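Okay, run.pdb is below, PDB, C-alpha atoms:
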ATOM      1  CA  MET A 284      20.372   7.831  -4.097
ATOM      2  CA  THR A 285      21.120   4.145  -4.518
ATOM      3  CA  ALA A 286      19.172   2.425  -1.791
ATOM      4  CA  LEU A 287      20.913  -0.274   0.177
ATOM      5  CA  PRO A 288      19.200  -3.643   0.470
ATOM      6  CA  ASP A 289      16.926  -3.598   3.478
ATOM      7  CA  PRO A 290      16.717  -6.866   5.410
ATOM      8  CA  GLY A 291      13.252  -5.841   6.506
ATOM      9  CA  PRO A 292      11.754  -4.805   9.822
ATOM     10  CA  ARG A 293      12.522  -6.791  12.938
ATOM     11  CA  SER A 294      10.428  -7.086  16.062
ATOM     12  CA  GLY A 295      13.513  -6.642  18.243
ATOM     13  CA  ARG A 296      17.267  -7.001  18.199
ATOM     14  CA  GLY A 297      18.099 -10.674  17.791
ATOM     15  CA  ALA A 298      14.429 -11.676  17.640
ATOM     16  CA  ALA A 299      13.113 -13.971  14.955
ATOM     17  CA  PRO A 300      11.109 -12.124  12.278
ATOM     18  CA  THR A 301       7.369 -12.190  12.809
ATOM     19  CA  ALA A 302       4.801 -12.776  10.060
ATOM     20  CA  PRO A 303       4.330  -9.007   9.535
ATOM     21  CA  ASP A 304       8.130  -8.624   9.449
ATOM     22  CA  ARG A 305       8.365 -11.175   6.639
ATOM     23  CA  LEU A 306       5.512  -9.592   4.700
ATOM     24  CA  LEU A 307       7.100  -6.157   4.925
ATOM     25  CA  SER A 308      10.511  -7.534   3.973
ATOM     26  CA  VAL A 309       9.002  -8.677   0.661
ATOM     27  CA  LEU A 310       7.829  -5.130  -0.056
ATOM     28  CA  ALA A 311      11.175  -3.720   1.110
ATOM     29  CA  ALA A 312      12.911  -5.842  -1.550
ATOM     30  CA  PHE A 313      11.698  -3.327  -4.147
ATOM     31  CA  ASP A 314      13.381   0.057  -4.532
ATOM     32  CA  HIS A 315      14.255   2.546  -7.266
ATOM     33  CA  ASP A 316      17.174   0.418  -8.423
ATOM     34  CA  HIS A 317      15.133  -2.802  -8.260
ATOM     35  CA  PRO A 318      11.590  -1.984  -9.472
ATOM     36  CA  ALA A 319      11.098  -5.394 -11.117
ATOM     37  CA  LEU A 320      12.057  -8.655  -9.417
ATOM     38  CA  SER A 321      11.657 -12.341 -10.009
ATOM     39  CA  LEU A 322      10.468 -14.585  -7.194
ATOM     40  CA  THR A 323      14.057 -15.728  -6.653
ATOM     41  CA  ASP A 324      15.263 -12.127  -6.509
ATOM     42  CA  ILE A 325      12.614 -11.260  -3.921
ATOM     43  CA  SER A 326      13.554 -14.304  -1.854
ATOM     44  CA  ARG A 327      17.224 -13.354  -1.878
ATOM     45  CA  ARG A 328      16.732  -9.653  -1.152
ATOM     46  CA  ALA A 329      14.141 -10.295   1.566
ATOM     47  CA  GLY A 330      16.253 -12.993   3.217
ATOM     48  CA  LEU A 331      13.419 -15.513   3.082
ATOM     49  CA  THR A 332      13.103 -19.071   1.855
ATOM     50  CA  LEU A 333      11.646 -19.512  -1.597
ATOM     51  CA  THR A 334       8.630 -21.331  -0.165
ATOM     52  CA  THR A 335       7.829 -18.521   2.260
ATOM     53  CA  THR A 336       8.410 -15.923  -0.442
ATOM     54  CA  HIS A 337       6.058 -17.712  -2.835
ATOM     55  CA  ARG A 338       3.304 -17.742  -0.224
ATOM     56  CA  LEU A 339       3.709 -14.096   0.749
ATOM     57  CA  VAL A 340       4.075 -12.844  -2.811
ATOM     58  CA  GLY A 341       0.910 -14.708  -3.733
ATOM     59  CA  ALA A 342      -1.030 -13.008  -0.945
ATOM     60  CA  LEU A 343       0.326  -9.595  -1.858
ATOM     61  CA  THR A 344      -0.483 -10.141  -5.533
ATOM     62  CA  ASP A 345      -4.031 -11.223  -4.744
ATOM     63  CA  TRP A 346      -4.516  -8.039  -2.711
ATOM     64  CA  GLY A 347      -2.982  -5.830  -5.400
ATOM     65  CA  ALA A 348       0.170  -4.744  -3.595
ATOM     66  CA  LEU A 349       2.216  -6.563  -6.248
ATOM     67  CA  GLU A 350       1.561  -7.244  -9.918
ATOM     68  CA  ARG A 351       3.000 -10.058 -12.045
ATOM     69  CA  ASP A 352       3.724  -9.516 -15.733
ATOM     70  CA  ASP A 353       3.634 -12.056 -18.557
ATOM     71  CA  ALA A 354       7.302 -12.896 -18.016
ATOM     72  CA  GLY A 355       6.643 -13.811 -14.375
ATOM     73  CA  VAL A 356       8.382 -10.702 -13.032
ATOM     74  CA  TYR A 357       6.829  -8.807 -10.131
ATOM     75  CA  HIS A 358       6.290  -5.052  -9.810
ATOM     76  CA  VAL A 359       4.773  -2.858  -7.114
ATOM     77  CA  GLY A 360       1.006  -2.784  -7.640
ATOM     78  CA  LEU A 361      -1.368   0.138  -7.974
ATOM     79  CA  ARG A 362      -3.126  -0.784  -4.736
ATOM     80  CA  LEU A 363      -0.067   0.362  -2.804
ATOM     81  CA  TRP A 364      -0.081   3.661  -4.690
ATOM     82  CA  GLU A 365      -3.732   4.144  -3.773
ATOM     83  CA  VAL A 366      -2.959   3.618  -0.101
ATOM     84  CA  ALA A 367       0.197   5.769  -0.200
ATOM     85  CA  ALA A 368      -1.784   8.616  -1.765
ATOM     86  CA  LEU A 369      -3.632   8.936   1.559
ATOM     87  CA  ALA A 370      -0.443   9.900   3.434
ATOM     88  CA  PRO A 371      -0.754  13.529   4.587
ATOM     89  CA  ARG A 372       2.949  14.134   3.910
ATOM     90  CA  GLY A 373       2.748  12.594   0.444
ATOM     91  CA  VAL A 374       0.404  13.378  -2.416
ATOM     92  CA  ALA A 375      -1.714  15.837  -0.406
ATOM     93  CA  LEU A 376       1.314  17.923   0.554
ATOM     94  CA  ARG A 377       2.690  17.745  -2.984
ATOM     95  CA  GLN A 378      -0.557  19.018  -4.477
ATOM     96  CA  LEU A 379      -0.790  21.865  -2.010
ATOM     97  CA  ALA A 380       2.855  22.861  -2.490
ATOM     98  CA  LEU A 381       3.062  22.514  -6.271
ATOM     99  CA  PRO A 382       1.935  26.073  -7.216
ATOM    100  CA  TYR A 383       4.642  27.540  -4.974
ATOM    101  CA  LEU A 384       7.259  25.121  -6.284
ATOM    102  CA  GLU A 385       6.330  26.103  -9.829
ATOM    103  CA  ASP A 386       6.689  29.779  -8.899
ATOM    104  CA  LEU A 387      10.145  29.038  -7.490
ATOM    105  CA  TYR A 388      11.061  27.246 -10.687
ATOM    106  CA  GLU A 389       9.871  30.160 -12.833
ATOM    107  CA  ALA A 390      11.937  32.543 -10.708
ATOM    108  CA  THR A 391      15.117  30.470 -10.991
ATOM    109  CA  HIS A 392      14.718  27.888 -13.796
ATOM    110  CA  GLU A 393      16.751  25.576 -11.577
ATOM    111  CA  ASN A 394      16.047  22.254  -9.867
ATOM    112  CA  VAL A 395      13.346  22.659  -7.225
ATOM    113  CA  GLN A 396      12.698  20.072  -4.508
ATOM    114  CA  LEU A 397      10.257  19.384  -1.688
ATOM    115  CA  ALA A 398      11.203  16.894   1.013
ATOM    116  CA  VAL A 399      10.131  15.491   4.371
ATOM    117  CA  ARG A 400      11.975  13.670   7.101
ATOM    118  CA  ASP A 401      11.664   9.954   7.757
ATOM    119  CA  GLY A 402      13.851   8.995  10.698
ATOM    120  CA  SER A 403      17.480   9.666   9.787
ATOM    121  CA  ASP A 404      16.698  10.197   6.095
ATOM    122  CA  VAL A 405      15.262  12.932   3.949
ATOM    123  CA  VAL A 406      12.664  11.681   1.450
ATOM    124  CA  TYR A 407      11.897  13.703  -1.685
ATOM    125  CA  ILE A 408       8.180  13.953  -2.421
ATOM    126  CA  GLU A 409       8.343  16.397  -5.347
ATOM    127  CA  TRP A 410      10.975  17.517  -7.821
ATOM    128  CA  ILE A 411      10.921  19.903 -10.768
ATOM    129  CA  ALA A 412      13.900  19.530 -13.101
ATOM    130  CA  GLY A 413      15.772  22.710 -13.991
ATOM    131  CA  ARG A 414      17.445  23.718 -17.207
ATOM    132  CA  SER A 415      21.001  23.506 -15.890
ATOM    133  CA  SER A 416      23.172  20.466 -16.371
ATOM    134  CA  VAL A 417      24.078  20.237 -12.697
ATOM    135  CA  GLY A 418      24.097  16.654 -11.514
ATOM    136  CA  VAL A 419      21.134  15.942  -9.242
ATOM    137  CA  HIS A 420      20.725  12.373  -8.016
ATOM    138  CA  ILE A 421      17.112  12.927  -7.010
ATOM    139  CA  ARG A 422      13.792  11.389  -7.935
ATOM    140  CA  VAL A 423      10.467  11.349  -6.155
ATOM    141  CA  GLY A 424      10.797   8.817  -3.350
ATOM    142  CA  ALA A 425      14.598   9.020  -3.201
ATOM    143  CA  ARG A 426      16.312   9.022   0.193
ATOM    144  CA  TRP A 427      19.518  10.660   1.386
ATOM    145  CA  PRO A 428      21.036  11.016   4.856
ATOM    146  CA  LEU A 429      19.860  14.222   6.513
ATOM    147  CA  HIS A 430      23.299  15.820   6.895
ATOM    148  CA  ALA A 431      24.224  15.591   3.209
ATOM    149  CA  THR A 432      21.573  17.850   1.641
ATOM    150  CA  GLY A 433      20.159  21.324   2.110
ATOM    151  CA  VAL A 434      16.630  20.104   2.821
ATOM    152  CA  GLY A 435      18.007  17.475   5.174
ATOM    153  CA  LEU A 436      20.001  20.051   7.137
ATOM    154  CA  VAL A 437      16.864  22.172   7.542
ATOM    155  CA  LEU A 438      14.850  19.221   8.810
ATOM    156  CA  LEU A 439      17.625  18.017  11.122
ATOM    157  CA  ALA A 440      18.175  21.526  12.512
ATOM    158  CA  HIS A 441      14.553  21.612  13.644
ATOM    159  CA  CYS A 442      14.473  18.165  15.239
ATOM    160  CA  GLU A 443      14.358  17.838  18.991
ATOM    161  CA  PRO A 444      17.840  18.405  20.526
ATOM    162  CA  ARG A 445      18.000  14.798  21.713
ATOM    163  CA  GLU A 446      17.397  13.524  18.196
ATOM    164  CA  GLN A 447      20.038  15.855  16.794
ATOM    165  CA  GLU A 448      22.574  14.521  19.275
ATOM    166  CA  GLU A 449      21.694  10.930  18.402
ATOM    167  CA  TYR A 450      22.176  11.715  14.725
ATOM    168  CA  CYS A 451      25.475  13.538  15.278
ATOM    169  CA  ALA A 452      26.743  10.602  17.317
ATOM    170  CA  SER A 453      25.991   8.131  14.531
ATOM    171  CA  PRO A 454      28.345   7.473  11.581
ATOM    172  CA  LEU A 455      28.034  10.207   8.937
ATOM    173  CA  ALA A 456      28.040   8.908   5.369
ATOM    174  CA  ILE A 457      30.539  10.615   3.060
ATOM    175  CA  PHE A 458      29.869  11.173  -0.665
ATOM    176  CA  THR A 459      32.445  13.814  -1.651
ATOM    177  CA  PRO A 460      35.440  15.474   0.044
ATOM    178  CA  TYR A 461      33.030  18.267   1.024
ATOM    179  CA  THR A 462      30.433  16.142   2.816
ATOM    180  CA  ILE A 463      30.083  17.054   6.480
ATOM    181  CA  ALA A 464      31.839  14.226   8.289
ATOM    182  CA  GLU A 465      32.620  15.613  11.763
ATOM    183  CA  PRO A 466      29.926  15.792  14.463
ATOM    184  CA  ALA A 467      31.279  19.103  15.789
ATOM    185  CA  LYS A 468      31.049  20.710  12.368
ATOM    186  CA  LEU A 469      27.551  19.344  11.855
ATOM    187  CA  ARG A 470      26.434  20.857  15.165
ATOM    188  CA  ARG A 471      27.832  24.241  14.096
ATOM    189  CA  VAL A 472      26.066  24.028  10.747
ATOM    190  CA  LEU A 473      22.746  23.140  12.376
ATOM    191  CA  ALA A 474      23.060  26.078  14.761
ATOM    192  CA  GLU A 475      23.682  28.373  11.791
ATOM    193  CA  VAL A 476      20.624  26.998   9.988
ATOM    194  CA  ARG A 477      18.467  27.773  13.010
ATOM    195  CA  ARG A 478      19.975  31.252  13.300
ATOM    196  CA  THR A 479      19.576  32.256   9.653
ATOM    197  CA  GLY A 480      16.441  30.284   8.758
ATOM    198  CA  VAL A 481      18.077  28.747   5.665
ATOM    199  CA  ALA A 482      20.578  26.020   4.842
ATOM    200  CA  VAL A 483      23.259  26.283   2.173
ATOM    201  CA  SER A 484      24.707  22.909   1.240
ATOM    202  CA  SER A 485      27.633  22.976  -1.161
ATOM    203  CA  ARG A 486      29.110  20.000  -3.029
ATOM    204  CA  GLN A 487      28.043  17.493  -0.398
ATOM    205  CA  VAL A 488      26.538  14.895  -2.738
ATOM    206  CA  THR A 489      28.149  15.875  -6.041
ATOM    207  CA  ASP A 490      31.075  18.245  -6.458
ATOM    208  CA  ASP A 491      29.232  20.539  -8.874
ATOM    209  CA  ALA A 492      25.990  21.337  -7.033
ATOM    210  CA  LEU A 493      24.861  23.763  -4.351
ATOM    211  CA  SER A 494      21.448  23.894  -2.694
ATOM    212  CA  VAL A 495      19.621  26.555  -0.717
ATOM    213  CA  ALA A 496      16.794  25.271   1.487
ATOM    214  CA  ALA A 497      14.205  26.710   3.870
ATOM    215  CA  PRO A 498      11.706  25.173   6.328
ATOM    216  CA  VAL A 499       8.000  24.653   5.691
ATOM    217  CA  CYS A 500       5.902  24.983   8.846
ATOM    218  CA  GLY A 501       2.632  23.316   9.747
ATOM    219  CA  PRO A 502      -0.246  25.047  11.568
ATOM    220  CA  ASP A 503       1.385  24.696  15.002
ATOM    221  CA  GLY A 504       4.780  25.946  13.880
ATOM    222  CA  THR A 505       6.324  22.489  13.642
ATOM    223  CA  VAL A 506       8.664  22.154  10.678
ATOM    224  CA  ALA A 507       6.831  19.686   8.469
ATOM    225  CA  ALA A 508       8.910  19.797   5.275
ATOM    226  CA  ALA A 509      11.680  21.681   3.498
ATOM    227  CA  VAL A 510      11.916  23.265   0.063
ATOM    228  CA  SER A 511      15.113  23.889  -1.872
ATOM    229  CA  VAL A 512      16.615  24.986  -5.145
ATOM    230  CA  VAL A 513      19.731  23.254  -6.519
ATOM    231  CA  VAL A 514      22.091  25.132  -8.826
ATOM    232  CA  PRO A 515      25.572  24.706 -10.327
ATOM    233  CA  GLU A 516      28.060  25.472  -7.582
ATOM    234  CA  ALA A 517      30.453  27.328  -9.864
ATOM    235  CA  ASP A 518      28.128  30.273 -10.534
ATOM    236  CA  ALA A 519      25.678  30.060  -7.627
ATOM    237  CA  GLN A 520      24.184  33.412  -6.633
ATOM    238  CA  VAL A 521      23.267  32.487  -3.066
ATOM    239  CA  PRO A 522      22.134  35.959  -1.891
ATOM    240  CA  ALA A 523      19.655  36.103  -4.787
ATOM    241  CA  LEU A 524      18.376  32.574  -4.211
ATOM    242  CA  ILE A 525      17.660  32.888  -0.493
ATOM    243  CA  PRO A 526      14.666  35.274  -0.783
ATOM    244  CA  ALA A 527      13.085  33.168  -3.537
ATOM    245  CA  VAL A 528      13.389  29.944  -1.531
ATOM    246  CA  ARG A 529      12.101  31.621   1.619
ATOM    247  CA  LEU A 530       9.116  33.012  -0.262
ATOM    248  CA  ALA A 531       8.199  29.564  -1.591
ATOM    249  CA  ALA A 532       8.524  28.027   1.869
ATOM    250  CA  LEU A 533       6.394  30.794   3.360
ATOM    251  CA  GLY A 534       3.700  30.294   0.739
ATOM    252  CA  ILE A 535       3.517  26.548   1.386
ATOM    253  CA  SER A 536       3.512  27.132   5.164
ATOM    254  CA  ARG A 537       0.595  29.533   4.915
ATOM    255  CA  ALA A 538      -1.269  27.115   2.668
ATOM    256  CA  LEU A 539      -0.819  24.513   5.416
ATOM    257  CA  GLY A 540      -2.393  26.895   7.913
ATOM    258  CA  TRP A 541       0.695  28.368   9.535
ATOM    259  CA  GLN A 542       0.453  31.979  10.732
ATOM    260  CA  PRO A 543       3.567  34.195  10.897
ATOM    261  CA  THR A 544       2.777  34.896  14.566
ATOM    262  CA  VAL A 545       3.384  31.219  15.387
ATOM    263  CA  THR A 546       7.048  30.680  16.252
ATOM    264  CA  PRO A 547       8.555  27.650  14.490
ATOM    265  CA  ARG A 548       9.437  24.957  17.007
ATOM    266  CA  PRO A 549      11.516  21.770  16.874
ATOM    267  CA  GLY A 550      10.067  18.585  15.480
ATOM    268  CA  THR A 551       9.096  17.117  12.129
ATOM    269  CA  GLY A 552       6.174  15.115  10.911
ATOM    270  CA  ASN A 553       7.837  11.763  11.634
ATOM    271  CA  PRO A 554      10.474  11.900  14.374
ATOM    272  CA  SER A 555      11.028   8.143  14.560
ATOM    273  CA  HIS A 556      14.512   6.901  13.729
ATOM    274  CA  ARG A 557      15.053   4.033  11.391
TER     275      ARG A 557
END
For this file, write the structure as structure tokens.
Amino acid sequence: MTALPDPGPRSGRGAAPTAPDRLLSVLAAFDHDHPALSLTDISRRAGLTLTTTHRLVGALTDWGALERDDAGVYHVGLRLWEVAALAPRGVALRQLALPYLEDLYEATHENVQLAVRDGSDVVYIEWIAGRSSVGVHIRVGARWPLHATGVGLVLLAHCEPREQEEYCASPLAIFTPYTIAEPAKLRRVLAEVRRTGVAVSSRQVTDDALSVAAPVCGPDGTVAAAVSVVVPEADAQVPALIPAVRLAALGISRALGWQPTVTPRPGTGNPSHR
């Protein structure tokens, strides 16, 4: 997904940005499409004066959050990676889930994905590339709106009802003629996901791909993540894919401490909306 420029966090609607807001806006200037930025680029994307940007970038570089190369261009520093590796829904979850994702890949030889929810987005934390040529606009760390992907539909279907209604009431981004664009249809799809325990998302992001996704539960039954396989839509064998995806999700859930006697309940690891 091509990330949109983020003006940075704000302490309140209409409020002037605080010092932490400005610091975070510098970090938010970097994304997958802009991994290397000059000081001027950071200033422009963060919406800050060059003087303020120079001061903040200097502090972040001294701490290790940013690194400056010989050409004077800035990159995200390893110190941030070290801190991010401590996130329970990041590296730790990826490492625990990887054997089951690899099993799913061996069973299908298709694109396999693991994702978590962050507000109104799905964030991919692991991806194994398949042998097919189906177009998949995914990389680790990529974001997509929840309604447009299989994993996102699973995560949204298990949010609290209030959060689902808030999402359905918000504008739904459209990527292809098949992207769910009507709130009523989205509500029906979410109800079907809860009923069947899987989500089938066809041609929502690209017109040649179909995904089958299933929920990953934490110890208390809360849906903490979702796993999916993405295949060419033209020859997708959905009935054969569903058991394989469910088995992978079950394996990861059990590794997280979930017991089959615990009934999955609404909620995800980070229910806050962006």
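In this structure, CA of Leu343 in chain A sits 8.4 Å away from CA of Leu306 in chain A.
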Taking the file above as input, evaluate the PyMOL selection byres ((chain A and resi 403) around 10) and report the hits as a compact mmCIF listing (two decimals) with C-alpha atoms, in the frame of the given file.
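Output saved as selection29.txt:
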# COMPACT_ATOMS: atom_id res chain seq x y z
CA ARG A 400 11.98 13.67 7.10
CA ASP A 401 11.66 9.95 7.76
CA GLY A 402 13.85 8.99 10.70
CA ASP A 404 16.70 10.20 6.10
CA VAL A 405 15.26 12.93 3.95
CA VAL A 406 12.66 11.68 1.45
CA ARG A 426 16.31 9.02 0.19
CA TRP A 427 19.52 10.66 1.39
CA PRO A 428 21.04 11.02 4.86
CA LEU A 429 19.86 14.22 6.51
CA HIS A 430 23.30 15.82 6.90
CA GLY A 435 18.01 17.48 5.17
CA LEU A 438 14.85 19.22 8.81
CA LEU A 439 17.62 18.02 11.12
CA GLU A 446 17.40 13.52 18.20
CA GLN A 447 20.04 15.86 16.79
CA GLU A 449 21.69 10.93 18.40
CA TYR A 450 22.18 11.72 14.72
CA SER A 453 25.99 8.13 14.53
CA PRO A 554 10.47 11.90 14.37
CA SER A 555 11.03 8.14 14.56
CA HIS A 556 14.51 6.90 13.73
CA ARG A 557 15.05 4.03 11.39
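Within 10 Å of range 355-363 of chain A, once only C-alpha atoms are used and residues closer than 4 positions along the same chain are dropped, the contacting residues are Leu310, Phe313, Asp314, His317, Pro318, Ala319, Leu320, Ser321, Leu322, Thr323, Asp324, Ile325, Val340, Leu343, Thr344, Trp346, Gly347, Ala348, Leu349, Glu350, Arg351, Ala367 and Ala368 of chain A.
Atom to atom, CA of Gly534 in chain A and CA of Ala496 in chain A stand 14.0 Å apart.
Neighbours of Glu516 in chain A closer than or equal to 10 Å, with only C-alpha atoms counted and sequence neighbours fewer than 5 positions away skipped, come out as Val417, Ser484, Ser485, Arg486, Thr489, Asp490, Asp491, Ala492, Leu493, Ser494 and Val521 of chain A.
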Quick one: residues within 9 Å of Ala482 in chain A, all atoms listed in the file counted, chain neighbours fewer than 6 positions away excluded, as a PyMOL selection string? chain A and resi 432-437+472-473+475-476+494-497+511
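With CA of Leu530 in chain A on one side and CA of Tyr383 in chain A on the other, the separation reads 8.5 Å.
Compared by their closest atoms to Gln542 in chain A, and using only C-alpha atoms, the residues A:Asp316, A:Asp386, A:Asp518, A:Asp503 rank with A:Asp503 nearest.
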List the residues selected by the PyMOL selection byres ((chain A and resi 531-533) around 10) in the file shown, writing them as a VMD selection string. chain A and resid 380 to 388 397 496 to 500 508 to 511 526 to 530 534 to 539 541 to 543
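Considering the residues A:Thr459, A:Thr505, A:Gln396, A:Ser308 and counting all atoms listed in the file, Glu443 in chain A has its shortest atom-to-atom contact with A:Thr505.
The closest residue to Ile463 in chain A, picked from A:Arg478, A:Cys442, A:Pro522, A:Val488 and counting all atoms listed in the file, is A:Val488.
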Which residues, named as in the file, does the PyMOL selection byres ((chain A and resi 424) around 10) pick out? Answer as a PyMOL selection string. chain A and resi 284+314-315+373+398+405-410+421-423+425-426
Box centre and edge lengths (Å, one decimal), axis-aligned, range 475-481 of chain A plus 5 Å each side, as lines of an AutoDock Vina configuration file:
center_x = 20.1
center_y = 29.6
center_z = 9.5
size_x = 17.2
size_y = 15.3
size_z = 17.6
Of the candidates A:Asn394, A:Arg470, A:Gly540, A:Val481, which one gets nearest to Gly504 in chain A if we count only C-alpha atoms? A:Gly540
Would you pick out the contacts of Ala464 in chain A at 10 Å or less, using all atoms listed in the file, so that residues sharing its chain but fewer than 5 positions from it are not included, and give the list as a compact mmCIF listing (two decimals) with C-alpha atoms, keeping the file's coordinate frame?
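Okay, result-v7.txt is ready:
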# COMPACT_ATOMS: atom_id res chain seq x y z
CA HIS A 430 23.30 15.82 6.90
CA ALA A 431 24.22 15.59 3.21
CA CYS A 451 25.48 13.54 15.28
CA PRO A 454 28.34 7.47 11.58
CA LEU A 455 28.03 10.21 8.94
CA ALA A 456 28.04 8.91 5.37
CA ILE A 457 30.54 10.62 3.06
CA PHE A 458 29.87 11.17 -0.66
CA THR A 459 32.44 13.81 -1.65
CA LEU A 469 27.55 19.34 11.86
